[in-house]
$ cat structure12.txt   # compact mmCIF, C-alpha atoms
# COMPACT_ATOMS: atom_id res chain seq x y z
CA MET A 1 -113.08 -8.50 -27.32
CA LYS A 2 -115.46 -9.21 -24.47
CA THR A 3 -114.00 -9.46 -20.99
CA GLU A 4 -114.54 -12.91 -19.52
CA GLU A 5 -115.45 -13.46 -15.90
CA ALA A 6 -113.11 -16.42 -15.44
CA THR A 7 -110.14 -14.53 -16.89
CA LEU A 8 -110.71 -11.54 -14.63
CA ALA A 9 -111.14 -13.73 -11.55
CA ARG A 10 -107.93 -15.59 -12.36
CA LEU A 11 -105.99 -12.35 -12.98
CA THR A 12 -107.30 -10.91 -9.72
CA ALA A 13 -106.28 -13.96 -7.72
CA MET A 14 -102.80 -13.80 -9.28
CA ALA A 15 -102.56 -10.06 -8.60
CA GLN A 16 -103.52 -10.65 -4.96
CA ARG A 17 -100.56 -13.00 -4.72
CA GLY A 18 -98.23 -10.27 -6.04
CA ASP A 19 -98.01 -11.06 -9.77
CA ARG A 20 -97.28 -7.65 -11.32
CA GLN A 21 -97.89 -8.77 -14.89
CA ALA A 22 -101.30 -10.18 -13.96
CA TYR A 23 -102.07 -6.95 -12.10
CA GLY A 24 -101.21 -4.86 -15.16
CA MET A 25 -103.38 -7.05 -17.38
CA LEU A 26 -106.22 -6.87 -14.84
CA LEU A 27 -106.10 -3.08 -14.79
CA SER A 28 -106.05 -2.96 -18.59
CA GLU A 29 -109.06 -5.29 -18.88
CA CYS A 30 -110.92 -3.42 -16.15
CA GLN A 31 -110.19 -0.09 -17.82
CA THR A 32 -111.76 -1.32 -21.05
CA TRP A 33 -114.79 -2.69 -19.21
CA LEU A 34 -115.22 0.49 -17.14
CA LYS A 35 -115.10 2.73 -20.20
CA GLY A 36 -117.99 0.77 -21.68
CA TYR A 37 -119.86 0.86 -18.37
CA PHE A 38 -119.49 4.62 -17.86
CA ARG A 39 -119.80 5.67 -21.51
CA ARG A 40 -123.60 5.35 -21.32
CA ARG A 41 -123.85 7.09 -17.95
CA ILE A 42 -121.73 10.25 -18.04
CA ALA A 43 -120.57 13.04 -20.30
CA PRO A 44 -117.49 12.17 -22.41
CA GLN A 45 -115.31 14.84 -20.77
CA HIS A 46 -115.64 13.05 -17.40
CA LEU A 47 -115.03 9.52 -18.67
CA ASP A 48 -111.26 9.19 -18.17
CA ASP A 49 -111.30 10.77 -14.70
CA LEU A 50 -114.08 8.50 -13.50
CA VAL A 51 -112.38 5.41 -14.93
CA GLN A 52 -109.14 6.36 -13.12
CA GLU A 53 -110.97 7.00 -9.84
CA THR A 54 -112.60 3.60 -10.13
CA LEU A 55 -109.32 1.86 -10.90
CA LEU A 56 -107.83 3.53 -7.83
CA SER A 57 -110.73 2.21 -5.74
CA LEU A 58 -110.20 -1.22 -7.26
CA HIS A 59 -106.54 -1.03 -6.24
CA ARG A 60 -107.47 -0.09 -2.66
CA LYS A 61 -110.07 -2.86 -2.38
CA LEU A 62 -108.18 -5.59 -4.22
CA ALA A 63 -107.24 -7.39 -1.02
CA SER A 64 -110.93 -7.64 -0.04
CA TYR A 65 -111.94 -9.50 -3.21
CA ASP A 66 -112.95 -13.11 -2.55
CA PRO A 67 -111.75 -15.30 -5.45
CA ASN A 68 -114.66 -17.69 -4.80
CA ARG A 69 -117.14 -15.00 -5.85
CA PRO A 70 -117.82 -13.57 -9.32
CA PHE A 71 -115.52 -10.68 -10.23
CA LEU A 72 -117.67 -8.55 -12.55
CA PRO A 73 -120.47 -7.91 -10.04
CA TRP A 74 -117.80 -6.87 -7.52
CA LEU A 75 -116.24 -4.50 -10.06
CA ALA A 76 -119.68 -3.20 -11.06
CA ALA A 77 -120.47 -2.39 -7.42
CA ILE A 78 -117.24 -0.40 -7.09
CA ALA A 79 -118.00 1.38 -10.38
CA ARG A 80 -121.53 2.20 -9.27
CA TYR A 81 -120.30 3.74 -6.01
CA ARG A 82 -117.73 5.85 -7.89
CA TRP A 83 -120.42 6.91 -10.39
CA VAL A 84 -122.83 7.93 -7.62
CA ASP A 85 -120.05 9.93 -5.94
CA HIS A 86 -119.31 11.57 -9.29
CA MET A 87 -122.97 12.50 -9.77
CA ARG A 88 -123.10 13.96 -6.25
CA ARG A 89 -120.05 16.11 -6.97
CA LEU A 90 -121.59 17.36 -10.22
CA TYR A 91 -124.87 18.12 -8.49
CA LYS A 92 -123.03 19.96 -5.72
CA GLU A 93 -120.97 21.94 -8.25
CA GLU A 94 -124.16 22.87 -10.09
CA ASP A 95 -125.78 24.10 -6.88
CA GLU A 96 -122.62 26.04 -5.95
CA ALA A 97 -122.53 27.66 -9.39
CA ILE A 98 -126.11 28.82 -8.92
CA ASP A 99 -125.45 30.08 -5.39
CA GLY A 100 -121.84 31.12 -6.05
CA ASP A 101 -122.23 34.80 -5.27
CA ILE A 102 -124.00 34.29 -1.96
CA PRO A 103 -121.70 33.58 1.00
CA ALA A 104 -122.75 30.47 2.91
CA ALA A 105 -123.66 30.68 6.58
CA PRO A 106 -122.86 27.72 8.85
CA GLU A 107 -126.47 26.52 8.91
CA GLU A 108 -126.90 26.74 5.14
CA PRO A 109 -125.60 23.23 4.29
CA ALA A 110 -128.46 21.73 6.27
CA ILE A 111 -130.93 24.06 4.61
CA ALA A 112 -129.51 23.31 1.16
CA ALA A 113 -129.67 19.58 1.84
CA ARG A 114 -133.29 19.89 2.95
CA LEU A 115 -134.17 21.90 -0.17
CA SER A 116 -132.45 19.28 -2.34
CA LEU A 117 -134.40 16.52 -0.63
CA GLU A 118 -137.66 18.39 -1.06
CA ARG A 119 -136.86 18.94 -4.73
CA LEU A 120 -136.19 15.20 -5.19
CA PHE A 121 -139.28 14.24 -3.20
CA SER A 122 -141.43 16.46 -5.45
CA TYR A 123 -140.87 13.91 -8.25
CA LEU A 124 -142.33 11.09 -6.15
CA PRO A 125 -145.88 10.26 -5.16
CA GLN A 126 -146.61 11.74 -1.74
CA ALA A 127 -146.87 8.35 0.00
CA GLN A 128 -143.43 7.29 -1.28
CA ALA A 129 -141.81 10.58 -0.30
CA LYS A 130 -143.38 10.43 3.16
CA ALA A 131 -142.23 6.84 3.77
CA ILE A 132 -138.66 7.64 2.68
CA GLU A 133 -138.57 10.80 4.78
CA LEU A 134 -139.84 9.08 7.92
CA VAL A 135 -137.56 6.04 7.72
CA LYS A 136 -134.45 7.17 5.86
CA VAL A 137 -134.26 10.83 6.91
CA GLU A 138 -135.87 10.95 10.35
CA GLY A 139 -134.69 7.47 11.32
CA LEU A 140 -138.01 6.01 12.41
CA SER A 141 -138.55 2.26 12.35
CA ILE A 142 -140.92 0.76 9.81
CA ARG A 143 -143.49 0.28 12.58
CA GLU A 144 -143.17 3.91 13.75
CA ALA A 145 -143.38 5.19 10.17
CA SER A 146 -146.47 3.06 9.64
CA ARG A 147 -148.19 4.66 12.61
CA ALA A 148 -147.08 8.18 11.66
CA SER A 149 -148.14 7.92 8.01
CA GLY A 150 -151.24 5.76 8.32
CA GLN A 151 -149.76 3.24 5.88
CA SER A 152 -149.42 -0.45 6.68
CA GLU A 153 -145.90 -1.66 7.48
CA SER A 154 -145.69 -3.58 4.22
CA LEU A 155 -146.88 -0.53 2.27
CA VAL A 156 -144.21 1.60 3.94
CA LYS A 157 -141.56 -0.91 2.81
CA VAL A 158 -142.97 -1.02 -0.74
CA ASN A 159 -143.15 2.78 -0.94
CA ILE A 160 -139.55 3.14 0.24
CA HIS A 161 -138.36 0.56 -2.28
CA ARG A 162 -140.29 2.05 -5.19
CA GLY A 163 -139.39 5.62 -4.29
CA LEU A 164 -135.68 4.91 -3.96
CA ARG A 165 -135.73 2.93 -7.19
CA LYS A 166 -137.40 5.85 -8.99
CA LEU A 167 -134.89 8.34 -7.57
CA ALA A 168 -131.98 6.09 -8.61
CA ALA A 169 -133.42 5.81 -12.11
CA MET A 170 -133.73 9.60 -12.31
CA ILE A 171 -130.10 10.02 -11.27
CA GLU A 172 -128.93 7.39 -13.75
CA LYS A 173 -130.89 9.11 -16.51
CA GLU A 174 -129.09 12.37 -15.76
$ encode --input "structure12.txt" --output "structure tokens"
Amino acid sequence: MKTEEATLARLTAMAQRGDRQAYGMLLSECQTWLKGYFRRRIAPQHLDDLVQETLLSLHRKLASYDPNRPFLPWLAAIARYRWVDHMRRLYKEEDEAIDGDIPAAPEEPAIAARLSLERLFSYLPQAQAKAIELVKVEGLSIREASRASGQSESLVKVNIHRGLRKLAAMIEKE
């Protein structure tokens, strides 16, 4: 059975008003939808935990849902944030497993973050990596990044967009 937008929106509105039965049905429908959403993105052993984390986030954010807006994109946004957090945890655990025997000094998190960024940037064309680094890491404005990199302002914007899109696609693929 395919989950219908109108049904979910109606159940959510009823749950916001305190209808426990509607809330239970909403969680059940969302659980089914989330399993399908995550099944293609993560290893099977992590599926149930990630679905539960997402349902918990849904519970916390339920009051912020606007019944005049579509429900599934709202749920998908919550699911995507939980998935990204999950991927970050896995990546961090992988790095810790590699470095597990070496005690960490206070400055090492910054160094590790920089090495991770450099590793990610190595998969991008140099212009994209430079634009992302200047604007997103160093905090320069588009205009300042344009001057610093020798790229036009519009090219800086395009390179940031394309680079971030490529990085997101790489993470999703993993």
$ residues_around --input "structure12.txt" --residues "Asp48 (chain A)" --least-positions-apart "4" --cutoff "10 Å" --atoms "only C-alpha atoms" --output "list in words"
Gln31, Leu34, Lys35, Phe38, Arg39, Pro44, Gln52, Glu53 and Thr54 of chain A
$ residues_around --input "structure12.txt" --residues "Arg41 (chain A)" --least-positions-apart "4" --cutoff "12 Å" --atoms "all atoms listed in the file" --output "PyMOL selection string"
chain A and resi 34-37+45-47+50-51+79-80+82-84+86-87+169-174
$ atom_distance --input "structure12.txt" --atom1 "CA of Thr12 (chain A)" --atom2 "CA of Cys30 (chain A)"
10.5 Å
$ atom_distance --input "structure12.txt" --atom1 "CA of Val158 (chain A)" --atom2 "CA of Val137 (chain A)"
16.6 Å
$ atom_distance --input "structure12.txt" --atom1 "CA of Ser122 (chain A)" --atom2 "CA of Glu144 (chain A)"
23.0 Å
$ closest_atom_pairs --input "structure12.txt" --of "region 55-166 of chain A" --to "region 5-8 of chain A" --cutoff "8 Å" --atoms "all atoms listed in the file" --output "tab-separated table"
residue	atom	partner	partner_atom	distance
A:Pro70	CA	A:Glu5	CA	7.0
A:Phe71	CA	A:Glu5	CA	6.3
A:Leu72	CA	A:Glu5	CA	6.3
$ closest_residue --input "structure12.txt" --among "A:Ala76, A:Met25, A:Ala63, A:Leu167" --to "Leu120 (chain A)" --atoms "all atoms listed in the file"
A:Leu167
$ axis_aligned_box --input "structure12.txt" --around "region 74-85 of chain A" --padding-each-side "5 Å" --output "JSON"
{"center_x": -119.5, "center_y": 1.5, "center_z": -8.5, "size_x": 16.6, "size_y": 26.8, "size_z": 15.1}
$ closest_residue --input "structure12.txt" --among "A:Arg162, A:Arg60, A:Arg10, A:Arg89" --to "Leu26 (chain A)" --atoms "only C-alpha atoms"
A:Arg10
$ residues_near_point --input "structure12.txt" --point "(-136.5, 7.2, 2.8)" --cutoff "12 Å" --atoms "all atoms listed in the file" --output "VMD selection string"
chain A and resid 117 to 118 120 to 121 124 126 to 142 145 156 to 167
$ closest_residue --input "structure12.txt" --among "A:Ala77, A:Leu27, A:Ala168, A:Ala13" --to "His59 (chain A)" --atoms "all atoms listed in the file"
A:Leu27
$ closest_residue --input "structure12.txt" --among "A:Gln21, A:Leu90, A:Leu155, A:Ala15" --to "Leu58 (chain A)" --atoms "all atoms listed in the file"
A:Ala15
$ closest_residue --input "structure12.txt" --among "A:Ile42, A:Ala148, A:Leu62, A:Leu55" --to "Glu29 (chain A)" --atoms "only C-alpha atoms"
A:Leu55
